[in-house]
>>> print(open('final_33.pdb').read())   # PDB, C-alpha atoms and all ligand atoms
MODEL        1
ATOM      1  CA  MET A 934     -16.558  -7.864 -26.474
ATOM      2  CA  GLU A 935     -15.223 -10.731 -28.621
ATOM      3  CA  CYS A 936     -12.791 -13.040 -26.860
ATOM      4  CA  PRO A 937      -9.581 -13.708 -28.818
ATOM      5  CA  PRO A 938      -8.242 -17.289 -29.157
ATOM      6  CA  LEU A 939      -7.034 -18.398 -25.722
ATOM      7  CA  LYS A 940      -4.659 -20.944 -24.284
ATOM      8  CA  ILE A 941      -5.259 -22.061 -20.709
ATOM      9  CA  THR A 942      -2.525 -23.877 -18.765
ATOM     10  CA  PHE A 943      -3.170 -25.517 -15.402
ATOM     11  CA  LEU A 944      -0.231 -24.448 -13.242
ATOM     12  CA  GLY A 945      -1.519 -26.251 -10.169
ATOM     13  CA  THR A 946      -4.571 -28.346  -9.318
ATOM     14  CA  GLY A 947      -4.093 -29.222  -5.635
ATOM     15  CA  THR A 948      -5.735 -28.066  -2.448
ATOM     16  CA  SER A 949      -3.972 -25.773   0.044
ATOM     17  CA  THR A 950      -1.528 -28.463   1.236
ATOM     18  CA  GLY A 951      -0.576 -29.529  -2.265
ATOM     19  CA  VAL A 952      -0.297 -33.226  -3.170
ATOM     20  CA  PRO A 953       1.773 -34.983  -1.926
ATOM     21  CA  MET A 954       1.120 -33.447   1.451
ATOM     22  CA  ILE A 955       4.108 -32.979   3.749
ATOM     23  CA  ALA A 956       4.639 -36.024   6.012
ATOM     24  CA  CYS A 957       1.824 -38.085   4.445
ATOM     25  CA  ASP A 958       2.384 -41.716   3.433
ATOM     26  CA  CYS A 959      -1.064 -42.386   1.931
ATOM     27  CA  GLU A 960      -1.401 -44.142  -1.432
ATOM     28  CA  VAL A 961      -2.074 -40.866  -3.268
ATOM     29  CA  CYS A 962       0.873 -39.007  -1.738
ATOM     30  CA  THR A 963       3.197 -41.913  -2.562
ATOM     31  CA  SER A 964       1.678 -42.584  -6.012
ATOM     32  CA  GLY A 965       4.125 -43.037  -8.882
ATOM     33  CA  ASP A 966       1.635 -41.362 -11.255
ATOM     34  CA  LYS A 967       2.824 -37.866 -12.222
ATOM     35  CA  LYS A 968      -0.793 -36.704 -12.479
ATOM     36  CA  ASP A 969      -1.152 -37.289  -8.735
ATOM     37  CA  ILE A 970       1.425 -34.566  -8.051
ATOM     38  CA  ARG A 971      -0.482 -31.310  -7.600
ATOM     39  CA  LEU A 972       0.907 -27.855  -6.853
ATOM     40  CA  ARG A 973      -1.478 -25.288  -5.410
ATOM     41  CA  SER A 974      -4.361 -24.214  -7.707
ATOM     42  CA  SER A 975      -3.720 -21.616 -10.400
ATOM     43  CA  ILE A 976      -4.078 -21.198 -14.159
ATOM     44  CA  LEU A 977      -2.227 -19.248 -16.831
ATOM     45  CA  VAL A 978      -4.443 -17.485 -19.383
ATOM     46  CA  GLN A 979      -2.830 -16.408 -22.661
ATOM     47  CA  SER A 980      -3.936 -14.737 -25.882
ATOM     48  CA  ALA A 981      -1.521 -13.821 -28.675
ATOM     49  CA  THR A 982      -0.724 -10.551 -26.897
ATOM     50  CA  THR A 983      -1.749 -10.893 -23.237
ATOM     51  CA  SER A 984      -0.707 -13.254 -20.424
ATOM     52  CA  PHE A 985      -1.954 -13.375 -16.867
ATOM     53  CA  VAL A 986      -2.269 -15.827 -14.000
ATOM     54  CA  VAL A 987      -5.293 -16.449 -11.835
ATOM     55  CA  ASP A 988      -3.792 -16.407  -8.297
ATOM     56  CA  THR A 989      -0.150 -16.511  -7.152
ATOM     57  CA  THR A 990       0.195 -19.660  -5.069
ATOM     58  CA  PRO A 991       3.024 -20.583  -2.666
ATOM     59  CA  ASP A 992       4.350 -22.533  -5.695
ATOM     60  CA  PHE A 993       4.196 -19.531  -8.063
ATOM     61  CA  ARG A 994       7.954 -19.287  -8.696
ATOM     62  CA  TYR A 995       8.277 -22.958  -9.588
ATOM     63  CA  GLN A 996       5.058 -22.841 -11.616
ATOM     64  CA  MET A 997       6.476 -20.019 -13.742
ATOM     65  CA  LEU A 998       9.762 -21.887 -14.255
ATOM     66  CA  ARG A 999       8.010 -25.189 -15.002
ATOM     67  CA  ALA A1000       5.666 -23.629 -17.581
ATOM     68  CA  GLN A1001       8.550 -21.522 -18.990
ATOM     69  CA  VAL A1002       6.580 -18.299 -18.695
ATOM     70  CA  LYS A1003       8.709 -15.406 -19.979
ATOM     71  CA  LYS A1004       6.144 -12.621 -19.902
ATOM     72  CA  LEU A1005       3.330 -11.892 -17.494
ATOM     73  CA  ASP A1006       1.157  -8.786 -17.788
ATOM     74  CA  ALA A1007      -1.121  -9.208 -14.800
ATOM     75  CA  VAL A1008      -2.350 -11.203 -11.828
ATOM     76  CA  LEU A1009      -6.048 -11.801 -11.258
ATOM     77  CA  PHE A1010      -6.994 -12.886  -7.741
ATOM     78  CA  THR A1011      -9.945 -15.064  -6.717
ATOM     79  CA  HIS A1012      -9.794 -14.534  -2.929
ATOM     80  CA  PRO A1013      -7.322 -13.766  -0.136
ATOM     81  CA  HIS A1014      -6.578 -17.254   1.226
ATOM     82  CA  LYS A1015      -2.859 -17.891   1.586
ATOM     83  CA  ASP A1016      -2.738 -20.724  -0.942
ATOM     84  CA  HIS A1017      -3.926 -18.207  -3.570
ATOM     85  CA  ILE A1018      -1.802 -15.139  -2.778
ATOM     86  CA  ALA A1019       1.392 -16.345  -1.036
ATOM     87  CA  GLY A1020       3.595 -16.287  -4.131
ATOM     88  CA  LEU A1021       3.008 -12.647  -5.046
ATOM     89  CA  ASP A1022       6.537 -11.503  -4.145
ATOM     90  CA  ASP A1023       7.972 -13.412  -7.100
ATOM     91  CA  VAL A1024       6.228 -11.267  -9.726
ATOM     92  CA  LYS A1025       9.269  -8.996  -9.272
ATOM     93  CA  ALA A1026      11.205 -11.187 -11.728
ATOM     94  CA  PHE A1027       8.843 -10.232 -14.565
ATOM     95  CA  SER A1028       9.149  -6.512 -13.771
ATOM     96  CA  PHE A1029      12.945  -6.885 -13.668
ATOM     97  CA  PHE A1030      12.958  -7.900 -17.329
ATOM     98  CA  SER A1031       9.959  -5.914 -18.631
ATOM     99  CA  GLY A1032      10.603  -2.702 -16.694
ATOM    100  CA  LYS A1033       6.844  -2.604 -16.063
ATOM    101  CA  VAL A1034       4.829  -2.514 -12.872
ATOM    102  CA  MET A1035       2.741  -5.691 -12.375
ATOM    103  CA  GLU A1036      -0.977  -5.048 -12.720
ATOM    104  CA  ILE A1037      -3.024  -6.742  -9.991
ATOM    105  CA  TYR A1038      -6.786  -7.244 -10.292
ATOM    106  CA  ALA A1039      -8.602  -8.090  -7.052
ATOM    107  CA  ASN A1040     -11.724  -7.356  -5.074
ATOM    108  CA  THR A1041     -11.454  -5.096  -2.014
ATOM    109  CA  LEU A1042     -11.316  -8.034   0.408
ATOM    110  CA  THR A1043      -8.293  -9.469  -1.394
ATOM    111  CA  GLU A1044      -6.682  -6.031  -1.750
ATOM    112  CA  GLU A1045      -6.853  -5.574   2.022
ATOM    113  CA  ALA A1046      -5.126  -8.930   2.534
ATOM    114  CA  VAL A1047      -2.429  -8.079  -0.023
ATOM    115  CA  LYS A1048      -1.757  -4.749   1.740
ATOM    116  CA  ARG A1049      -1.627  -6.489   5.120
ATOM    117  CA  GLU A1050       0.408  -9.543   4.170
ATOM    118  CA  PHE A1051       2.788  -7.750   1.789
ATOM    119  CA  ALA A1052       3.005  -4.467   3.740
ATOM    120  CA  TYR A1053       6.624  -3.886   2.638
ATOM    121  CA  ILE A1054       5.433  -3.469  -0.976
ATOM    122  CA  PHE A1055       3.412  -0.431   0.154
ATOM    123  CA  ALA A1056       6.024   1.100   2.500
ATOM    124  CA  ASP A1057       6.924   4.773   2.012
ATOM    125  CA  LYS A1058      10.618   3.929   1.994
ATOM    126  CA  LYS A1059      10.948   0.807  -0.112
ATOM    127  CA  TYR A1060      13.704  -1.749   0.162
ATOM    128  CA  PRO A1061      15.332  -2.100  -3.289
ATOM    129  CA  GLY A1062      14.270  -5.049  -5.433
ATOM    130  CA  ILE A1063      10.822  -5.563  -3.973
ATOM    131  CA  PRO A1064       7.855  -6.069  -6.317
ATOM    132  CA  GLU A1065       6.223  -3.050  -7.896
ATOM    133  CA  ILE A1066       2.522  -3.558  -8.280
ATOM    134  CA  ASN A1067      -0.503  -1.542  -9.277
ATOM    135  CA  LEU A1068      -3.787  -2.505  -7.624
ATOM    136  CA  ASN A1069      -6.912  -2.457  -9.806
ATOM    137  CA  THR A1070     -10.088  -2.942  -7.783
ATOM    138  CA  ILE A1071     -12.575  -5.243  -9.465
ATOM    139  CA  THR A1072     -16.289  -5.676  -8.846
ATOM    140  CA  LEU A1073     -18.871  -7.768 -10.666
ATOM    141  CA  THR A1074     -18.560  -5.445 -13.670
ATOM    142  CA  PRO A1075     -16.881  -7.176 -16.656
ATOM    143  CA  PHE A1076     -13.540  -5.686 -17.695
ATOM    144  CA  LEU A1077     -10.573  -6.257 -19.995
ATOM    145  CA  ILE A1078      -7.042  -7.392 -19.255
ATOM    146  CA  GLY A1079      -5.202  -6.505 -22.473
ATOM    147  CA  ASP A1080      -7.421  -8.009 -25.186
ATOM    148  CA  ILE A1081      -9.009 -10.644 -22.920
ATOM    149  CA  PRO A1082     -12.542  -9.955 -21.622
ATOM    150  CA  VAL A1083     -13.063 -11.019 -17.999
ATOM    151  CA  ILE A1084     -16.513 -11.697 -16.521
ATOM    152  CA  PRO A1085     -16.359 -12.003 -12.706
ATOM    153  CA  ILE A1086     -18.711 -14.573 -11.161
ATOM    154  CA  LEU A1087     -19.531 -14.291  -7.459
ATOM    155  CA  VAL A1088     -19.315 -17.643  -5.667
ATOM    156  CA  TRP A1089     -19.358 -18.469  -1.956
ATOM    157  CA  HIS A1090     -16.599 -20.173   0.042
ATOM    158  CA  LEU A1091     -18.653 -20.729   3.206
ATOM    159  CA  LYS A1092     -19.146 -17.024   4.089
ATOM    160  CA  MET A1093     -16.329 -15.591   1.993
ATOM    161  CA  PRO A1094     -17.147 -14.028  -1.375
ATOM    162  CA  VAL A1095     -14.809 -15.469  -4.014
ATOM    163  CA  PHE A1096     -14.517 -14.549  -7.665
ATOM    164  CA  GLY A1097     -14.781 -17.176 -10.358
ATOM    165  CA  PHE A1098     -14.151 -15.931 -13.882
ATOM    166  CA  ARG A1099     -15.445 -16.517 -17.374
ATOM    167  CA  PHE A1100     -13.136 -15.875 -20.329
ATOM    168  CA  GLY A1101     -15.026 -16.425 -23.578
ATOM    169  CA  LYS A1102     -16.087 -20.091 -23.693
ATOM    170  CA  PHE A1103     -14.148 -21.033 -20.561
ATOM    171  CA  THR A1104     -15.195 -20.672 -16.904
ATOM    172  CA  TYR A1105     -12.834 -21.114 -13.939
ATOM    173  CA  ILE A1106     -14.173 -21.504 -10.413
ATOM    174  CA  THR A1107     -11.848 -22.448  -7.607
ATOM    175  CA  ASP A1108     -12.693 -22.343  -3.888
ATOM    176  CA  ALA A1109     -16.486 -22.442  -3.539
ATOM    177  CA  ASN A1110     -19.316 -24.515  -2.182
ATOM    178  CA  ARG A1111     -22.308 -22.395  -3.189
ATOM    179  CA  ILE A1112     -23.331 -20.334  -6.220
ATOM    180  CA  GLU A1113     -26.473 -18.239  -6.381
ATOM    181  CA  PRO A1114     -28.821 -18.771  -9.363
ATOM    182  CA  ILE A1115     -28.124 -15.326 -10.873
ATOM    183  CA  GLU A1116     -24.387 -16.065 -10.947
ATOM    184  CA  LYS A1117     -24.948 -19.576 -12.352
ATOM    185  CA  GLU A1118     -26.521 -17.867 -15.382
ATOM    186  CA  LYS A1119     -23.104 -16.448 -16.271
ATOM    187  CA  ILE A1120     -21.625 -19.959 -16.541
ATOM    188  CA  ILE A1121     -24.344 -21.378 -18.788
ATOM    189  CA  GLY A1122     -23.182 -21.599 -22.401
ATOM    190  CA  SER A1123     -19.544 -22.231 -21.502
ATOM    191  CA  GLU A1124     -17.872 -24.969 -23.545
ATOM    192  CA  VAL A1125     -15.607 -25.888 -20.651
ATOM    193  CA  MET A1126     -15.867 -25.212 -16.939
ATOM    194  CA  VAL A1127     -13.464 -25.841 -14.111
ATOM    195  CA  VAL A1128     -14.754 -26.196 -10.583
ATOM    196  CA  ASN A1129     -13.246 -27.224  -7.261
ATOM    197  CA  ALA A1130     -13.861 -30.785  -6.060
ATOM    198  CA  LEU A1131     -11.979 -31.318  -2.831
ATOM    199  CA  ARG A1132     -12.807 -34.859  -1.753
ATOM    200  CA  HIS A1133     -15.711 -37.286  -1.168
ATOM    201  CA  LYS A1134     -16.560 -36.211   2.366
ATOM    202  CA  GLN A1135     -18.593 -33.041   3.010
ATOM    203  CA  HIS A1136     -16.538 -29.872   3.641
ATOM    204  CA  ILE A1137     -17.683 -26.529   5.036
ATOM    205  CA  SER A1138     -16.305 -24.404   2.203
ATOM    206  CA  HIS A1139     -15.553 -26.614  -0.816
ATOM    207  CA  PHE A1140     -17.712 -28.675  -3.148
ATOM    208  CA  THR A1141     -17.342 -32.427  -2.790
ATOM    209  CA  ILE A1142     -16.801 -34.428  -5.968
ATOM    210  CA  ASP A1143     -20.500 -35.361  -6.039
ATOM    211  CA  GLU A1144     -21.575 -31.736  -5.585
ATOM    212  CA  ALA A1145     -19.223 -30.660  -8.373
ATOM    213  CA  ILE A1146     -20.646 -33.321 -10.710
ATOM    214  CA  ALA A1147     -24.209 -32.223  -9.890
ATOM    215  CA  LEU A1148     -23.345 -28.583 -10.622
ATOM    216  CA  VAL A1149     -21.881 -29.413 -14.035
ATOM    217  CA  GLN A1150     -24.948 -31.508 -14.880
ATOM    218  CA  GLU A1151     -27.299 -28.756 -13.723
ATOM    219  CA  LEU A1152     -25.550 -26.135 -15.865
ATOM    220  CA  LYS A1153     -25.264 -28.554 -18.820
ATOM    221  CA  VAL A1154     -21.677 -27.590 -19.594
ATOM    222  CA  PRO A1155     -20.404 -30.293 -21.992
ATOM    223  CA  LYS A1156     -16.847 -30.516 -20.657
ATOM    224  CA  ALA A1157     -15.654 -30.086 -17.067
ATOM    225  CA  TYR A1158     -12.386 -30.408 -15.184
ATOM    226  CA  PHE A1159     -12.157 -30.607 -11.405
ATOM    227  CA  THR A1160      -9.422 -28.800  -9.490
ATOM    228  CA  HIS A1161      -8.266 -27.907  -5.936
ATOM    229  CA  VAL A1162      -8.055 -31.643  -5.298
ATOM    230  CA  SER A1163      -7.078 -33.111  -1.921
ATOM    231  CA  HIS A1164      -5.050 -36.286  -1.422
ATOM    232  CA  GLN A1165      -8.218 -37.552   0.299
ATOM    233  CA  LEU A1166     -10.044 -37.773  -3.039
ATOM    234  CA  GLY A1167      -7.980 -40.722  -4.272
ATOM    235  CA  LYS A1168      -5.688 -41.481  -7.204
ATOM    236  CA  GLN A1169      -6.611 -39.707 -10.420
ATOM    237  CA  ALA A1170      -6.617 -42.895 -12.487
ATOM    238  CA  THR A1171      -9.185 -44.461 -10.134
ATOM    239  CA  ILE A1172     -11.400 -41.379  -9.802
ATOM    240  CA  ASN A1173     -11.448 -40.583 -13.522
ATOM    241  CA  LYS A1174     -12.909 -44.039 -14.269
ATOM    242  CA  GLU A1175     -15.846 -43.293 -11.967
ATOM    243  CA  LEU A1176     -16.693 -39.841 -13.385
ATOM    244  CA  PRO A1177     -19.552 -39.246 -15.847
ATOM    245  CA  ALA A1178     -18.726 -38.683 -19.532
ATOM    246  CA  GLY A1179     -17.241 -35.247 -20.232
ATOM    247  CA  MET A1180     -15.813 -34.852 -16.723
ATOM    248  CA  GLU A1181     -12.310 -35.498 -15.466
ATOM    249  CA  LEU A1182      -9.827 -34.349 -12.887
ATOM    250  CA  ALA A1183      -7.567 -31.555 -14.078
ATOM    251  CA  TYR A1184      -3.841 -32.164 -13.692
ATOM    252  CA  ASP A1185      -0.788 -29.938 -13.549
ATOM    253  CA  GLY A1186       0.419 -29.079 -17.040
ATOM    254  CA  LEU A1187      -2.929 -29.680 -18.756
ATOM    255  CA  THR A1188      -3.505 -27.136 -21.535
ATOM    256  CA  LEU A1189      -6.743 -26.197 -23.277
ATOM    257  CA  CYS A1190      -7.073 -24.131 -26.447
ATOM    258  CA  PHE A1191     -10.076 -22.063 -27.489
ATOM    259  CA  THR A1192     -10.423 -20.570 -30.953
TER     260      THR A1192
HETATM  261 ZN    ZN B   1      -7.627 -22.671  -1.924
HETATM  262 ZN    ZN B   2      -1.659 -38.237   1.542
HETATM  263 ZN    ZN B   3      -9.848 -20.643  -0.100
ENDMDL
END
>>> encode(input="final_33.pdb", output="structure tokens")
Amino acid sequence: MECPPLKITFLGTGTSTGVPMIACDCEVCTSGDKKDIRLRSSILVQSATTSFVVDTTPDFRYQMLRAQVKKLDAVLFTHPHKDHIAGLDDVKAFSFFSGKVMEIYANTLTEEAVKREFAYIFADKKYPGIPEINLNTITLTPFLIGDIPVIPILVWHLKMPVFGFRFGKFTYITDANRIEPIEKEKIIGSEVMVVNALRHKQHISHFTIDEAIALVQELKVPKAYFTHVSHQLGKQATINKELPAGMELAYDGLTLCFT
């Protein structure tokens, strides 16, 4: 299926604590550079007729206000960690104006977490004004959200299966530190890829910056942006100077257009 022209907006590019981190006085958390301020990781994907977010972070409400999003058709989840699902309640605002139930696309692991952590949404007797959602279970089979084709990519976050996604020429992979060869094949040929790069020091469930660079080089994707960044990585202006050509840190508000 042909992918329509897409606009991607980075709503957040920080790790689970966000940057600045509460109570931290380090040079990154106190940086005067706006690009060092990172809400939790999420993107907005838009075609002429369809809009959805990948993940609803704890910052979801502010991310929607900041990006002036007036219409949202769906939410696509990567995995059930709190920094990726916590903001789900606020989708109710979109339903209030559209009169439509919010379509949620998630794997079974994430669906279970949504049912557990937002149990009131599934109660028999519902409190008025709570979100109305419709769960769509996704597997590795490609599918459509509106007119946008979605190719799920299985990646590993220590032992947790996480979904990365390819939309046309663009691939988005957040929390992961391992990708099997068969899934890497799905990324090859992308014009742009996004991958998590937490910090310099090894981590049990995230790629380090060096591992992220090596992955991009291995897959020969010409342009890459790194996301899910910790304050421990350093200031963006410093890190960007050290990165190979074609690679840079993503930042909140960055937009990419694909024809
Ligand atoms: Zn995360
Ligand atoms: Zn800090
Ligand atoms: Zn995670």
>>> closest_residue(input="final_33.pdb", among="A:Leu1042, A:Leu977, A:Leu1005, A:Ile1120", to="Phe1027 (chain A)", atoms="all atoms listed in the file")
A:Leu1005
>>> resolve_selection(input="final_33.pdb", expression="the PyMOL selection byres (((chain A and resi 1099) around 8) and not hetatm)", output="PDB file with C-alpha atoms, in the frame of the given file")
ATOM      1  CA  VAL A1083     -13.063 -11.019 -17.999  1.00  0.00           C
ATOM      2  CA  ILE A1084     -16.513 -11.697 -16.521  1.00  0.00           C
ATOM      3  CA  PRO A1085     -16.359 -12.003 -12.706  1.00  0.00           C
ATOM      4  CA  ILE A1086     -18.711 -14.573 -11.161  1.00  0.00           C
ATOM      5  CA  GLY A1097     -14.781 -17.176 -10.358  1.00  0.00           C
ATOM      6  CA  PHE A1098     -14.151 -15.931 -13.882  1.00  0.00           C
ATOM      7  CA  PHE A1100     -13.136 -15.875 -20.329  1.00  0.00           C
ATOM      8  CA  GLY A1101     -15.026 -16.425 -23.578  1.00  0.00           C
ATOM      9  CA  LYS A1102     -16.087 -20.091 -23.693  1.00  0.00           C
ATOM     10  CA  PHE A1103     -14.148 -21.033 -20.561  1.00  0.00           C
ATOM     11  CA  THR A1104     -15.195 -20.672 -16.904  1.00  0.00           C
ATOM     12  CA  TYR A1105     -12.834 -21.114 -13.939  1.00  0.00           C
ATOM     13  CA  LYS A1119     -23.104 -16.448 -16.271  1.00  0.00           C
ATOM     14  CA  ILE A1120     -21.625 -19.959 -16.541  1.00  0.00           C
TER      15      ILE A1120
END
>>> atom_distance(input="final_33.pdb", atom1="CA of Ser1123 (chain A)", atom2="CA of Ala1145 (chain A)")
15.6 Å
>>> residues_near_ligand(input="final_33.pdb", ligand="ligand ZN 2 (chain B)", cutoff="8 Å", atoms="only C-alpha atoms and all ligand atoms", output="count of residues only")
12
>>> residues_near_ligand(input="final_33.pdb", ligand="ligand ZN 3 (chain B)", cutoff="10 Å", atoms="all atoms listed in the file", output="count of residues only")
21
>>> residues_near_point(input="final_33.pdb", point="(-4.5, -12.1, -9.4)", cutoff="9 Å", atoms="all atoms listed in the file", output="NGL selection string")
:A and (985-989 or 1007-1012 or 1017-1018 or 1021 or 1036-1039)
>>> residues_around(input="final_33.pdb", residues="region 1178-1190 of chain A", least_positions_apart="4", cutoff="6 Å", atoms="all atoms listed in the file", output="mmCIF file with C-alpha atoms, in the coordinates of the input")
data_model
loop_
_atom_site.group_PDB
_atom_site.id
_atom_site.type_symbol
_atom_site.label_atom_id
_atom_site.label_comp_id
_atom_site.auth_asym_id
_atom_site.auth_seq_id
_atom_site.Cartn_x
_atom_site.Cartn_y
_atom_site.Cartn_z
ATOM 1 C CA LEU A 939 -7.034 -18.398 -25.722
ATOM 2 C CA LYS A 940 -4.659 -20.944 -24.284
ATOM 3 C CA ILE A 941 -5.259 -22.061 -20.709
ATOM 4 C CA THR A 942 -2.525 -23.877 -18.765
ATOM 5 C CA PHE A 943 -3.170 -25.517 -15.402
ATOM 6 C CA LEU A 944 -0.231 -24.448 -13.242
ATOM 7 C CA GLY A 945 -1.519 -26.251 -10.169
ATOM 8 C CA THR A 946 -4.571 -28.346 -9.318
ATOM 9 C CA LYS A 968 -0.793 -36.704 -12.479
ATOM 10 C CA LYS A 1156 -16.847 -30.516 -20.657
ATOM 11 C CA ALA A 1157 -15.654 -30.086 -17.067
ATOM 12 C CA TYR A 1158 -12.386 -30.408 -15.184
ATOM 13 C CA PHE A 1159 -12.157 -30.607 -11.405
ATOM 14 C CA THR A 1160 -9.422 -28.800 -9.490
ATOM 15 C CA ASN A 1173 -11.448 -40.583 -13.522
#
>>> closest_residue(input="final_33.pdb", among="A:Leu972, A:Met1126, A:Ile1078, A:Leu998", to="ligand ZN 1 (chain B)", atoms="only C-alpha atoms and all ligand atoms")
A:Leu972
>>> closest_residue(input="final_33.pdb", among="A:Leu1166, A:Val1125, A:Ile1106, A:Ala981", to="ligand ZN 1 (chain B)", atoms="all atoms listed in the file")
A:Ile1106
>>> atom_distance(input="final_33.pdb", atom1="CA of Ile976 (chain A)", atom2="CA of Arg1049 (chain A)")
24.4 Å
>>> atom_distance(input="final_33.pdb", atom1="CA of Ser974 (chain A)", atom2="CA of Ser1028 (chain A)")
23.1 Å
>>> closest_residue(input="final_33.pdb", among="A:Arg973, A:Lys1004, A:Lys967, A:Arg1111", to="ligand ZN 1 (chain B)", atoms="all atoms listed in the file")
A:Arg973
>>> closest_residue(input="final_33.pdb", among="A:Phe1055, A:Tyr995, A:Phe1140, A:Phe1029", to="ligand ZN 1 (chain B)", atoms="all atoms listed in the file")
A:Phe1140
>>> closest_residue(input="final_33.pdb", among="A:Glu1113, A:Asp1006, A:Lys1058, A:Ala1147", to="Phe1030 (chain A)", atoms="only C-alpha atoms")
A:Asp1006
>>> resolve_selection(input="final_33.pdb", expression="the PyMOL selection byres (((chain A and resi 1040) around 7) and not hetatm)", output="list in words")
Ala1039, Thr1041, Leu1042, Thr1043, Glu1044, Thr1070, Ile1071 and Thr1072 of chain A
>>> write_last_selection(input="final_33.pdb", atoms="C-alpha atoms", output="PDB file, in the coordinates of the input")
ATOM      1  CA  ALA A1039      -8.602  -8.090  -7.052  1.00  0.00           C
ATOM      2  CA  THR A1041     -11.454  -5.096  -2.014  1.00  0.00           C
ATOM      3  CA  LEU A1042     -11.316  -8.034   0.408  1.00  0.00           C
ATOM      4  CA  THR A1043      -8.293  -9.469  -1.394  1.00  0.00           C
ATOM      5  CA  GLU A1044      -6.682  -6.031  -1.750  1.00  0.00           C
ATOM      6  CA  THR A1070     -10.088  -2.942  -7.783  1.00  0.00           C
ATOM      7  CA  ILE A1071     -12.575  -5.243  -9.465  1.00  0.00           C
ATOM      8  CA  THR A1072     -16.289  -5.676  -8.846  1.00  0.00           C
TER       9      THR A1072
END
>>> axis_aligned_box(input="final_33.pdb", around="region 1115-1133 of chain A", padding_each_side="5 Å", output="JSON")
{"center_x": -20.1, "center_y": -26.3, "center_z": -12.4, "size_x": 26.1, "size_y": 32.0, "size_z": 32.4}
>>> resolve_selection(input="final_33.pdb", expression="the PyMOL selection byres (((chain A and resi 1022) around 9) and not hetatm)", output="ChimeraX atom specification")
/A:989,1019-1021,1023-1026,1051,1054,1063-1064
>>> write_last_selection(input="final_33.pdb", atoms="C-alpha atoms", output="mmCIF file, keeping the file's coordinate frame")
data_model
loop_
_atom_site.group_PDB
_atom_site.id
_atom_site.type_symbol
_atom_site.label_atom_id
_atom_site.label_comp_id
_atom_site.auth_asym_id
_atom_site.auth_seq_id
_atom_site.Cartn_x
_atom_site.Cartn_y
_atom_site.Cartn_z
ATOM 1 C CA THR A 989 -0.150 -16.511 -7.152
ATOM 2 C CA ALA A 1019 1.392 -16.345 -1.036
ATOM 3 C CA GLY A 1020 3.595 -16.287 -4.131
ATOM 4 C CA LEU A 1021 3.008 -12.647 -5.046
ATOM 5 C CA ASP A 1023 7.972 -13.412 -7.100
ATOM 6 C CA VAL A 1024 6.228 -11.267 -9.726
ATOM 7 C CA LYS A 1025 9.269 -8.996 -9.272
ATOM 8 C CA ALA A 1026 11.205 -11.187 -11.728
ATOM 9 C CA PHE A 1051 2.788 -7.750 1.789
ATOM 10 C CA ILE A 1054 5.433 -3.469 -0.976
ATOM 11 C CA ILE A 1063 10.822 -5.563 -3.973
ATOM 12 C CA PRO A 1064 7.855 -6.069 -6.317
#
